[in-house]
Amino acid sequence: MNRYLRALAVLGLVMSSACDTVDTTPVAIEGAALTSAPLAPGAYQIEFTNPGTSAATAVDMPADDRVIEAIDQAQATVDIAVFGFDHAGITQAVLRAHARGLRVRLVGHGEELATSNGLKAIQSAGVPMVLRPGGTLMHHKFIIVDGQTVGFGSLNFTTAAATQNDENFVFANSTELAQIFQGEFDQMFGGKFGAKKAARAVRPTVAVEGGSVQLHFSPKEDTATRLREVIASADTRIYFMIYSFTLPEVATDLIAAKNRGVEVVGVFDKGNASSTYSQDDALAAAGVRVALDGNENTSGFAGGRLHDKVMIVDAGGSDPMVVTGSYNWSAGATTGNDETLAILRGKNLVAPYVAEFCRVWKNGSGGAGTPPALCAPRPLVALTEVMANPEGTDRYEEWVEVTNVGTGSLDVSGWTISDALAVRHTFAAGTFIAPKQSLVVYSGASATAVRMVASTGQLALNNDVETVSLADATGRVVDQVGLGLAVSGESMHRTLDGLVDLDFDGRADGSRWDAHHLVSATGLLSSPGVRPDGSLWSTVIVGPVQPEETAGETNDAEVHLASALPNPVGTDRPEEYVVIENRGVVTVDLSGWAIGDLASPYRHVFAAGTLLAPGATIKVYDGGVHADGIPASSGALSLNNSDETLSLIDAHAAAVDTMSWASAAEGQVLSK
């Protein structure tokens, strides 16, 4: 035993019997292989494991690789507080850092040393280590690198955690977060665990890109009360996935939330749910939807665990948040263990957790039932191209392209486009996108072209690092893309521009999308509204596919543009109209059909459920209230008095009929 470890043994921080049996055989240190650039200041990265439901369906996700990379990128210091540690790759990274002369330190749990090859190897190499003795746990899972980068969550540094359990781990570049974790680490490294630690007088909220993080540490900072406060704040929904849940007061709060109209849905680790004290039965008896996880990826006693400690609150609302960390919802975690409870706020931080919850729910016993509201199949729509850095002044010329890659017309009323900071555009009521068509939202108006302009008046996209999100009217994120450095005058487009994985936080095989590439990488041109070659989008979809819609098929339909009044007597504005007529023998469903002119294909889109009987007509007016017709969904037909062409388009973007005129006298009704 070296002098440092002997001193710790005297203090009772390392059990001498365990130290005396440590294998002191020299450990060969393998080389590093870096693949990711360090996070920028304020940036974060959220990683999940994906053990599937069995070893055959498991996907190797990069959470453990990110830990290794963070250690290998360290320049001066690495401090680790972790309960379980036997991951060979992470062990090698720690040994490499120590061999480079960095200050490397570790805090762990004493009872783990006897069975942890990782801890033994690190200790044998002379890495300073302090272990909490006794049955009460040092249960943290966090790492601090260079006083700048932190990682925290449910992930132990074990092979089973990385490959066989459901876990999450958050990485962030933040000196403020690093300082908070450093204070907790330093107390424990100095021998103060559990009740011996000092509680912080102030628990600051730390800003990160597009959101914030607040940290609480057991047992001095009343983590159960913090969790209950989050539940009490819920307005619309609470989703949770939990390893151990035995606190009856938290169950009571969830039942109360359900009774006040909040959608409450949870998934329990099936092993811990068999405990007498688990709260799954109490919740189910009160009508709360609960399920057991479906992870059967085990080897002996290892793996097969839903090890997350996650609660998602008000996703899609104005103040969405996630509770995560090492903290299980139990008395021991609250009053005895050293634990992390982290509260993440912000839509872009919360969205990946919703996607992960839906995966876990689907794989578990809840997968056979009706999915929770935010887990319903996403519509086939995507962010396909973005101009973040136009030539010249960006202010008015930035744009975002939203494409319907499905087969039916899509109502996007109330949908939003956001960047990392705020909602930038909300689509107006009655806004539809025809299949294989797109809408382009610009940052500002133009004197020479008709545009859909951001409702806030500015997209305000960053030119270096940016996140753009598309959310439906409930606030559910439907698609999300990350942008890198934007070259002036070059748009960014999704790889293959139409081969779209709508599970935005990963490909179907579990690997990550590099969501956009600079156009210069492929030589393609900026192309707002269509693919760069001028064609419409491919129907090839990777990811969840919904059944094709059949409403509006026109094989047997005889629907025509019957007449139009482009130039009414007096002011045109509310009195222009177009009449369509069904000259066939079958009723036609006009849901999603559109009337357009030369300037816009969507002057009017017929609402869902609009039926046109044989011989019947529908008159669409420019605006106003008319007993014999309906107003245009766009708010204006805007028909030209000369050199105009009308088009009637069905829900599959097929042209059904056209009508043109060279000129129209005042008050003249034009008929076909």
# chains A, B, ... in the order shown; residues from 1 in each chain; ligands from 1
>>> select_by_dssp(residues="stretch 185-413 of chain A", states="strand (DSSP E or B)", output="PyMOL selection string")
chain A and resi 205-208+211-218+237-242+245+263-268+289-292+298-299+302-303+306+309-313+321-325+329+338-345+381-387+399-404+410-411
>>> write_last_selection(atoms="C-alpha atoms", output="PDB file, in the first residue's frame")
ATOM      1  CA  THR A 205     -29.813  27.967 -11.783  1.00  0.00           C
ATOM      2  CA  VAL A 206     -27.103  27.715 -14.429  1.00  0.00           C
ATOM      3  CA  ALA A 207     -27.835  28.746 -18.017  1.00  0.00           C
ATOM      4  CA  VAL A 208     -26.844  26.426 -20.856  1.00  0.00           C
ATOM      5  CA  GLY A 211     -32.180  26.168 -21.219  1.00  0.00           C
ATOM      6  CA  SER A 212     -30.874  25.768 -17.698  1.00  0.00           C
ATOM      7  CA  VAL A 213     -29.700  23.265 -15.093  1.00  0.00           C
ATOM      8  CA  GLN A 214     -30.205  23.303 -11.331  1.00  0.00           C
ATOM      9  CA  LEU A 215     -28.406  20.788  -9.093  1.00  0.00           C
ATOM     10  CA  HIS A 216     -29.354  19.354  -5.705  1.00  0.00           C
ATOM     11  CA  PHE A 217     -27.355  16.855  -3.649  1.00  0.00           C
ATOM     12  CA  SER A 218     -28.568  14.310  -1.110  1.00  0.00           C
ATOM     13  CA  ARG A 237     -48.325  15.898 -18.388  1.00  0.00           C
ATOM     14  CA  ILE A 238     -45.848  13.915 -16.323  1.00  0.00           C
ATOM     15  CA  TYR A 239     -43.941  11.000 -17.840  1.00  0.00           C
ATOM     16  CA  PHE A 240     -41.457   9.042 -15.752  1.00  0.00           C
ATOM     17  CA  MET A 241     -39.129   6.044 -15.980  1.00  0.00           C
ATOM     18  CA  ILE A 242     -37.652   4.887 -12.704  1.00  0.00           C
ATOM     19  CA  PHE A 245     -39.673   4.199  -6.465  1.00  0.00           C
ATOM     20  CA  GLU A 263     -51.602  13.083 -18.036  1.00  0.00           C
ATOM     21  CA  VAL A 264     -49.464  10.888 -15.740  1.00  0.00           C
ATOM     22  CA  VAL A 265     -47.715   7.854 -17.257  1.00  0.00           C
ATOM     23  CA  GLY A 266     -44.772   5.875 -15.884  1.00  0.00           C
ATOM     24  CA  VAL A 267     -42.516   2.899 -16.536  1.00  0.00           C
ATOM     25  CA  PHE A 268     -40.986   0.929 -13.633  1.00  0.00           C
ATOM     26  CA  ARG A 289     -51.085   4.447 -16.290  1.00  0.00           C
ATOM     27  CA  VAL A 290     -48.021   2.409 -15.344  1.00  0.00           C
ATOM     28  CA  ALA A 291     -46.008  -0.226 -17.185  1.00  0.00           C
ATOM     29  CA  LEU A 292     -43.033  -2.497 -16.539  1.00  0.00           C
ATOM     30  CA  THR A 298     -29.128  -9.892 -19.114  1.00  0.00           C
ATOM     31  CA  SER A 299     -26.033 -11.990 -18.487  1.00  0.00           C
ATOM     32  CA  ALA A 302     -25.898  -8.165 -14.772  1.00  0.00           C
ATOM     33  CA  GLY A 303     -27.991  -5.975 -17.041  1.00  0.00           C
ATOM     34  CA  LEU A 306     -34.362   0.233 -16.392  1.00  0.00           C
ATOM     35  CA  LYS A 309     -34.288   8.080 -12.632  1.00  0.00           C
ATOM     36  CA  VAL A 310     -36.171  10.423 -14.961  1.00  0.00           C
ATOM     37  CA  MET A 311     -39.312  12.521 -14.675  1.00  0.00           C
ATOM     38  CA  ILE A 312     -40.468  14.647 -17.636  1.00  0.00           C
ATOM     39  CA  VAL A 313     -42.908  17.452 -16.790  1.00  0.00           C
ATOM     40  CA  MET A 321     -38.434  20.271 -17.552  1.00  0.00           C
ATOM     41  CA  VAL A 322     -36.701  16.976 -16.795  1.00  0.00           C
ATOM     42  CA  VAL A 323     -35.566  15.620 -13.447  1.00  0.00           C
ATOM     43  CA  THR A 324     -32.620  13.242 -13.794  1.00  0.00           C
ATOM     44  CA  GLY A 325     -29.411  12.178 -12.055  1.00  0.00           C
ATOM     45  CA  TRP A 329     -37.162   8.018  -5.286  1.00  0.00           C
ATOM     46  CA  ASP A 338     -24.705  10.883  -1.652  1.00  0.00           C
ATOM     47  CA  GLU A 339     -26.846  11.562  -4.747  1.00  0.00           C
ATOM     48  CA  THR A 340     -27.359  14.042  -7.607  1.00  0.00           C
ATOM     49  CA  LEU A 341     -30.777  15.386  -8.552  1.00  0.00           C
ATOM     50  CA  ALA A 342     -30.625  17.618 -11.622  1.00  0.00           C
ATOM     51  CA  ILE A 343     -33.514  19.708 -12.980  1.00  0.00           C
ATOM     52  CA  LEU A 344     -33.114  20.536 -16.680  1.00  0.00           C
ATOM     53  CA  ARG A 345     -35.333  23.220 -18.206  1.00  0.00           C
ATOM     54  CA  VAL A 381     -42.730  15.974 -42.048  1.00  0.00           C
ATOM     55  CA  ALA A 382     -39.190  17.232 -41.761  1.00  0.00           C
ATOM     56  CA  LEU A 383     -36.882  20.222 -41.677  1.00  0.00           C
ATOM     57  CA  THR A 384     -35.144  19.625 -45.008  1.00  0.00           C
ATOM     58  CA  GLU A 385     -33.124  22.795 -45.675  1.00  0.00           C
ATOM     59  CA  VAL A 386     -31.958  25.856 -43.755  1.00  0.00           C
ATOM     60  CA  MET A 387     -30.307  29.103 -44.864  1.00  0.00           C
ATOM     61  CA  TRP A 399     -35.064  30.871 -44.186  1.00  0.00           C
ATOM     62  CA  VAL A 400     -36.193  27.446 -42.981  1.00  0.00           C
ATOM     63  CA  GLU A 401     -37.816  24.867 -45.247  1.00  0.00           C
ATOM     64  CA  VAL A 402     -40.453  22.467 -43.862  1.00  0.00           C
ATOM     65  CA  THR A 403     -41.364  19.527 -46.108  1.00  0.00           C
ATOM     66  CA  ASN A 404     -44.293  17.114 -46.055  1.00  0.00           C
ATOM     67  CA  LEU A 410     -50.877  18.000 -43.516  1.00  0.00           C
ATOM     68  CA  ASP A 411     -52.515  20.652 -41.338  1.00  0.00           C
TER      69      ASP A 411
END
>>> closest_residue(among="A:Gly414, A:Gly444, A:Pro320, A:Gly484", to="A:Tyr396", atoms="only C-alpha atoms")
A:Gly444
>>> residues_around(residues="A:Asp464", least_positions_apart="2", cutoff="9 Å", atoms="only C-alpha atoms", output="JSON, numbers by chain")
{"A": [388, 462, 466, 483, 484, 485, 486, 487]}
>>> residues_around(residues="stretch 280-287 of chain A", least_positions_apart="3", cutoff="7 Å", atoms="only C-alpha atoms", output="VMD selection string")
chain A and resid 251 255 273 290
>>> write_last_selection(atoms="N, CA and C atoms", output="PDB file, in the first residue's frame")
ATOM      1  N   ALA A 251     -45.850   9.180  -4.698  1.00  0.00           N
ATOM      2  CA  ALA A 251     -46.986   8.531  -5.360  1.00  0.00           C
ATOM      3  C   ALA A 251     -48.270   9.314  -5.114  1.00  0.00           C
ATOM      4  N   ILE A 255     -50.742  10.943  -8.001  1.00  0.00           N
ATOM      5  CA  ILE A 255     -52.180  10.657  -8.065  1.00  0.00           C
ATOM      6  C   ILE A 255     -52.973  11.964  -8.042  1.00  0.00           C
ATOM      7  N   ALA A 273     -40.000  -3.368  -9.205  1.00  0.00           N
ATOM      8  CA  ALA A 273     -41.457  -3.278  -9.049  1.00  0.00           C
ATOM      9  C   ALA A 273     -42.008  -4.448  -8.244  1.00  0.00           C
ATOM     10  N   VAL A 290     -49.379   2.848 -15.627  1.00  0.00           N
ATOM     11  CA  VAL A 290     -48.021   2.409 -15.344  1.00  0.00           C
ATOM     12  C   VAL A 290     -47.726   1.154 -16.155  1.00  0.00           C
TER      13      VAL A 290
END
>>> closest_residue(among="A:Arg66, A:His626, A:His560, A:Arg305", to="A:Thr163", atoms="only C-alpha atoms")
A:Arg305
>>> select_by_dssp(residues="stretch 148-253 of chain A", states="alpha helix (DSSP H)", output="compact mmCIF listing (two decimals) with N, CA and C atoms, in the first residue's frame")
# COMPACT_ATOMS: atom_id res chain seq x y z
N THR A 159 -19.59 -1.99 -17.71
CA THR A 159 -19.97 -2.53 -19.01
C THR A 159 -21.46 -2.78 -19.08
N ALA A 160 -22.04 -3.33 -17.99
CA ALA A 160 -23.47 -3.61 -17.99
C ALA A 160 -24.28 -2.34 -18.15
N ALA A 161 -23.87 -1.26 -17.47
CA ALA A 161 -24.60 0.01 -17.59
C ALA A 161 -24.58 0.52 -19.02
N ALA A 162 -23.42 0.41 -19.68
CA ALA A 162 -23.28 0.97 -21.02
C ALA A 162 -23.96 0.14 -22.09
N THR A 163 -24.11 -1.17 -21.86
CA THR A 163 -24.58 -2.05 -22.93
C THR A 163 -25.86 -2.80 -22.62
N THR A 175 -18.39 26.22 -16.72
CA THR A 175 -17.57 26.41 -15.52
C THR A 175 -18.44 26.51 -14.28
N GLU A 176 -19.65 27.07 -14.40
CA GLU A 176 -20.53 27.20 -13.24
C GLU A 176 -20.99 25.83 -12.74
N LEU A 177 -21.42 24.96 -13.67
CA LEU A 177 -21.80 23.62 -13.25
C LEU A 177 -20.61 22.87 -12.69
N ALA A 178 -19.44 23.04 -13.33
CA ALA A 178 -18.24 22.37 -12.84
C ALA A 178 -17.90 22.80 -11.42
N GLN A 179 -18.06 24.08 -11.12
CA GLN A 179 -17.76 24.56 -9.77
C GLN A 179 -18.71 23.96 -8.75
N ILE A 180 -20.00 23.80 -9.13
CA ILE A 180 -20.97 23.23 -8.19
C ILE A 180 -20.63 21.76 -7.92
N PHE A 181 -20.36 20.99 -8.98
CA PHE A 181 -19.97 19.60 -8.77
C PHE A 181 -18.63 19.52 -8.03
N GLN A 182 -17.74 20.46 -8.28
CA GLN A 182 -16.44 20.44 -7.61
C GLN A 182 -16.60 20.60 -6.11
N GLY A 183 -17.52 21.46 -5.69
CA GLY A 183 -17.77 21.62 -4.26
C GLY A 183 -18.23 20.34 -3.62
N GLU A 184 -19.12 19.61 -4.30
CA GLU A 184 -19.59 18.32 -3.78
C GLU A 184 -18.45 17.30 -3.76
N PHE A 185 -17.66 17.26 -4.82
CA PHE A 185 -16.55 16.31 -4.90
C PHE A 185 -15.53 16.59 -3.79
N ASP A 186 -15.17 17.85 -3.63
CA ASP A 186 -14.11 18.19 -2.66
C ASP A 186 -14.52 17.81 -1.24
N GLN A 187 -15.80 17.98 -0.91
CA GLN A 187 -16.23 17.57 0.43
C GLN A 187 -16.03 16.06 0.62
N MET A 188 -16.44 15.29 -0.36
CA MET A 188 -16.31 13.84 -0.24
C MET A 188 -14.84 13.41 -0.29
N PHE A 189 -14.04 14.03 -1.13
CA PHE A 189 -12.62 13.68 -1.20
C PHE A 189 -11.92 14.02 0.12
N THR A 223 -33.81 16.43 -1.41
CA THR A 223 -34.10 16.11 -2.81
C THR A 223 -35.55 15.67 -3.01
N ALA A 224 -36.14 15.00 -2.04
CA ALA A 224 -37.53 14.57 -2.18
C ALA A 224 -38.46 15.77 -2.30
N THR A 225 -38.19 16.81 -1.51
CA THR A 225 -39.01 18.02 -1.60
C THR A 225 -38.86 18.68 -2.96
N ARG A 226 -37.65 18.70 -3.50
CA ARG A 226 -37.44 19.28 -4.83
C ARG A 226 -38.24 18.51 -5.88
N LEU A 227 -38.22 17.18 -5.79
CA LEU A 227 -38.99 16.36 -6.74
C LEU A 227 -40.48 16.64 -6.61
N ARG A 228 -40.97 16.75 -5.40
CA ARG A 228 -42.40 16.98 -5.18
C ARG A 228 -42.81 18.36 -5.67
N GLU A 229 -41.92 19.35 -5.56
CA GLU A 229 -42.23 20.68 -6.08
C GLU A 229 -42.40 20.65 -7.60
N VAL A 230 -41.57 19.87 -8.26
CA VAL A 230 -41.69 19.75 -9.71
C VAL A 230 -43.04 19.13 -10.07
N ILE A 231 -43.44 18.08 -9.36
CA ILE A 231 -44.74 17.44 -9.63
C ILE A 231 -45.87 18.44 -9.41
N ALA A 232 -45.80 19.22 -8.35
CA ALA A 232 -46.86 20.18 -8.04
C ALA A 232 -46.98 21.25 -9.11
N SER A 233 -45.89 21.51 -9.85
CA SER A 233 -45.91 22.55 -10.87
C SER A 233 -46.52 22.09 -12.19
N PRO A 248 -43.99 6.87 -0.69
CA PRO A 248 -45.45 6.98 -0.86
C PRO A 248 -45.92 8.41 -1.07
N GLU A 249 -45.20 9.39 -0.50
CA GLU A 249 -45.63 10.78 -0.67
C GLU A 249 -45.49 11.23 -2.12
N VAL A 250 -44.50 10.72 -2.83
CA VAL A 250 -44.36 11.06 -4.25
C VAL A 250 -45.49 10.42 -5.05
N ALA A 251 -45.85 9.18 -4.70
CA ALA A 251 -46.99 8.53 -5.36
C ALA A 251 -48.27 9.31 -5.11
N THR A 252 -48.46 9.79 -3.89
CA THR A 252 -49.65 10.59 -3.57
C THR A 252 -49.71 11.85 -4.43
N ASP A 253 -48.55 12.50 -4.62
CA ASP A 253 -48.50 13.70 -5.44
C ASP A 253 -48.84 13.40 -6.90
>>> residues_around(residues="A:Asp64", least_positions_apart="4", cutoff="8 Å", atoms="only C-alpha atoms", output="list in words")
Ile68, Ile90, Phe157 and Ala162 of chain A
>>> residues_around(residues="stretch 130-143 of chain A", least_positions_apart="4", cutoff="9 Å", atoms="only C-alpha atoms", output="PyMOL selection string")
chain A and resi 5+8+12-15+67+71+78-84+105-113+149-157+169+178+181+188-194+325-327+332-333+336-340
>>> residues_around(residues="stretch 653-662 of chain A", least_positions_apart="4", cutoff="7 Å", atoms="only C-alpha atoms", output="ChimeraX atom specification")
/A:434-435,560-561,642-649
>>> closest_residue(among="A:Ser443, A:Ala331, A:Phe301, A:His87", to="A:Ser278", atoms="only C-alpha atoms")
A:Ala331
>>> decode(residues="stretch 303-334 of chain A", atoms="N, CA and C atoms", output="PDB file, in the first residue's frame")
ATOM      1  N   GLY A 303     -27.168  -6.490 -15.957  1.00  0.00           N
ATOM      2  CA  GLY A 303     -27.991  -5.975 -17.041  1.00  0.00           C
ATOM      3  C   GLY A 303     -29.473  -6.161 -16.815  1.00  0.00           C
ATOM      4  N   GLY A 304     -30.221  -5.842 -17.862  1.00  0.00           N
ATOM      5  CA  GLY A 304     -31.661  -6.011 -17.828  1.00  0.00           C
ATOM      6  C   GLY A 304     -32.390  -5.021 -16.949  1.00  0.00           C
ATOM      7  N   ARG A 305     -31.786  -3.875 -16.684  1.00  0.00           N
ATOM      8  CA  ARG A 305     -32.383  -2.923 -15.744  1.00  0.00           C
ATOM      9  C   ARG A 305     -32.800  -1.625 -16.436  1.00  0.00           C
ATOM     10  N   LEU A 306     -33.988  -1.149 -16.083  1.00  0.00           N
ATOM     11  CA  LEU A 306     -34.362   0.233 -16.392  1.00  0.00           C
ATOM     12  C   LEU A 306     -33.762   1.061 -15.264  1.00  0.00           C
ATOM     13  N   HIS A 307     -32.570   1.583 -15.479  1.00  0.00           N
ATOM     14  CA  HIS A 307     -31.799   2.212 -14.408  1.00  0.00           C
ATOM     15  C   HIS A 307     -31.941   3.728 -14.397  1.00  0.00           C
ATOM     16  N   ASP A 308     -32.730   4.297 -15.319  1.00  0.00           N
ATOM     17  CA  ASP A 308     -32.982   5.737 -15.325  1.00  0.00           C
ATOM     18  C   ASP A 308     -33.695   6.166 -14.057  1.00  0.00           C
ATOM     19  N   LYS A 309     -33.529   7.438 -13.712  1.00  0.00           N
ATOM     20  CA  LYS A 309     -34.288   8.080 -12.632  1.00  0.00           C
ATOM     21  C   LYS A 309     -34.792   9.401 -13.211  1.00  0.00           C
ATOM     22  N   VAL A 310     -35.781   9.306 -14.097  1.00  0.00           N
ATOM     23  CA  VAL A 310     -36.171  10.423 -14.961  1.00  0.00           C
ATOM     24  C   VAL A 310     -37.644  10.747 -14.786  1.00  0.00           C
ATOM     25  N   MET A 311     -37.942  12.020 -14.631  1.00  0.00           N
ATOM     26  CA  MET A 311     -39.312  12.521 -14.675  1.00  0.00           C
ATOM     27  C   MET A 311     -39.360  13.685 -15.654  1.00  0.00           C
ATOM     28  N   ILE A 312     -40.288  13.618 -16.605  1.00  0.00           N
ATOM     29  CA  ILE A 312     -40.468  14.647 -17.636  1.00  0.00           C
ATOM     30  C   ILE A 312     -41.779  15.372 -17.334  1.00  0.00           C
ATOM     31  N   VAL A 313     -41.733  16.677 -17.198  1.00  0.00           N
ATOM     32  CA  VAL A 313     -42.908  17.452 -16.790  1.00  0.00           C
ATOM     33  C   VAL A 313     -43.212  18.527 -17.831  1.00  0.00           C
ATOM     34  N   ASP A 314     -44.474  18.538 -18.290  1.00  0.00           N
ATOM     35  CA  ASP A 314     -44.995  19.577 -19.186  1.00  0.00           C
ATOM     36  C   ASP A 314     -44.206  19.692 -20.494  1.00  0.00           C
ATOM     37  N   ALA A 315     -43.745  18.564 -21.009  1.00  0.00           N
ATOM     38  CA  ALA A 315     -43.144  18.581 -22.339  1.00  0.00           C
ATOM     39  C   ALA A 315     -44.168  19.102 -23.331  1.00  0.00           C
ATOM     40  N   GLY A 316     -43.754  20.028 -24.183  1.00  0.00           N
ATOM     41  CA  GLY A 316     -44.666  20.669 -25.115  1.00  0.00           C
ATOM     42  C   GLY A 316     -45.308  21.918 -24.565  1.00  0.00           C
ATOM     43  N   GLY A 317     -45.100  22.215 -23.277  1.00  0.00           N
ATOM     44  CA  GLY A 317     -45.677  23.405 -22.662  1.00  0.00           C
ATOM     45  C   GLY A 317     -44.698  24.564 -22.635  1.00  0.00           C
ATOM     46  N   SER A 318     -45.057  25.586 -21.875  1.00  0.00           N
ATOM     47  CA  SER A 318     -44.237  26.792 -21.834  1.00  0.00           C
ATOM     48  C   SER A 318     -43.030  26.643 -20.914  1.00  0.00           C
ATOM     49  N   ASP A 319     -43.081  25.702 -19.974  1.00  0.00           N
ATOM     50  CA  ASP A 319     -41.959  25.509 -19.046  1.00  0.00           C
ATOM     51  C   ASP A 319     -41.662  24.018 -18.896  1.00  0.00           C
ATOM     52  N   PRO A 320     -41.201  23.368 -19.969  1.00  0.00           N
ATOM     53  CA  PRO A 320     -40.903  21.933 -19.882  1.00  0.00           C
ATOM     54  C   PRO A 320     -39.640  21.690 -19.072  1.00  0.00           C
ATOM     55  N   MET A 321     -39.611  20.578 -18.356  1.00  0.00           N
ATOM     56  CA  MET A 321     -38.434  20.271 -17.552  1.00  0.00           C
ATOM     57  C   MET A 321     -38.259  18.767 -17.420  1.00  0.00           C
ATOM     58  N   VAL A 322     -37.047  18.372 -17.051  1.00  0.00           N
ATOM     59  CA  VAL A 322     -36.701  16.976 -16.795  1.00  0.00           C
ATOM     60  C   VAL A 322     -35.965  16.916 -15.473  1.00  0.00           C
ATOM     61  N   VAL A 323     -36.336  15.949 -14.643  1.00  0.00           N
ATOM     62  CA  VAL A 323     -35.566  15.620 -13.447  1.00  0.00           C
ATOM     63  C   VAL A 323     -34.764  14.370 -13.767  1.00  0.00           C
ATOM     64  N   THR A 324     -33.458  14.403 -13.528  1.00  0.00           N
ATOM     65  CA  THR A 324     -32.620  13.242 -13.794  1.00  0.00           C
ATOM     66  C   THR A 324     -31.487  13.213 -12.778  1.00  0.00           C
ATOM     67  N   GLY A 325     -30.541  12.309 -12.965  1.00  0.00           N
ATOM     68  CA  GLY A 325     -29.411  12.178 -12.055  1.00  0.00           C
ATOM     69  C   GLY A 325     -29.290  10.773 -11.516  1.00  0.00           C
ATOM     70  N   SER A 326     -28.653  10.649 -10.357  1.00  0.00           N
ATOM     71  CA  SER A 326     -28.458   9.341  -9.716  1.00  0.00           C
ATOM     72  C   SER A 326     -29.537   9.040  -8.687  1.00  0.00           C
ATOM     73  N   TYR A 327     -30.391  10.016  -8.388  1.00  0.00           N
ATOM     74  CA  TYR A 327     -31.333   9.952  -7.264  1.00  0.00           C
ATOM     75  C   TYR A 327     -32.548   9.086  -7.575  1.00  0.00           C
ATOM     76  N   ASN A 328     -32.629   7.907  -6.910  1.00  0.00           N
ATOM     77  CA  ASN A 328     -33.851   7.112  -6.909  1.00  0.00           C
ATOM     78  C   ASN A 328     -34.842   7.706  -5.917  1.00  0.00           C
ATOM     79  N   TRP A 329     -36.119   7.414  -6.114  1.00  0.00           N
ATOM     80  CA  TRP A 329     -37.162   8.018  -5.286  1.00  0.00           C
ATOM     81  C   TRP A 329     -37.424   7.104  -4.091  1.00  0.00           C
ATOM     82  N   SER A 330     -36.460   7.128  -3.157  1.00  0.00           N
ATOM     83  CA  SER A 330     -36.504   6.245  -1.996  1.00  0.00           C
ATOM     84  C   SER A 330     -36.030   6.996  -0.767  1.00  0.00           C
ATOM     85  N   ALA A 331     -36.337   6.456   0.415  1.00  0.00           N
ATOM     86  CA  ALA A 331     -35.922   7.093   1.667  1.00  0.00           C
ATOM     87  C   ALA A 331     -34.411   7.078   1.805  1.00  0.00           C
ATOM     88  N   GLY A 332     -33.767   5.958   1.434  1.00  0.00           N
ATOM     89  CA  GLY A 332     -32.320   5.871   1.548  1.00  0.00           C
ATOM     90  C   GLY A 332     -31.611   6.891   0.678  1.00  0.00           C
ATOM     91  N   ALA A 333     -32.114   7.088  -0.549  1.00  0.00           N
ATOM     92  CA  ALA A 333     -31.512   8.068  -1.448  1.00  0.00           C
ATOM     93  C   ALA A 333     -31.718   9.485  -0.947  1.00  0.00           C
ATOM     94  N   THR A 334     -32.798   9.695  -0.211  1.00  0.00           N
ATOM     95  CA  THR A 334     -33.130  11.041   0.268  1.00  0.00           C
ATOM     96  C   THR A 334     -32.357  11.417   1.520  1.00  0.00           C
TER      97      THR A 334
END
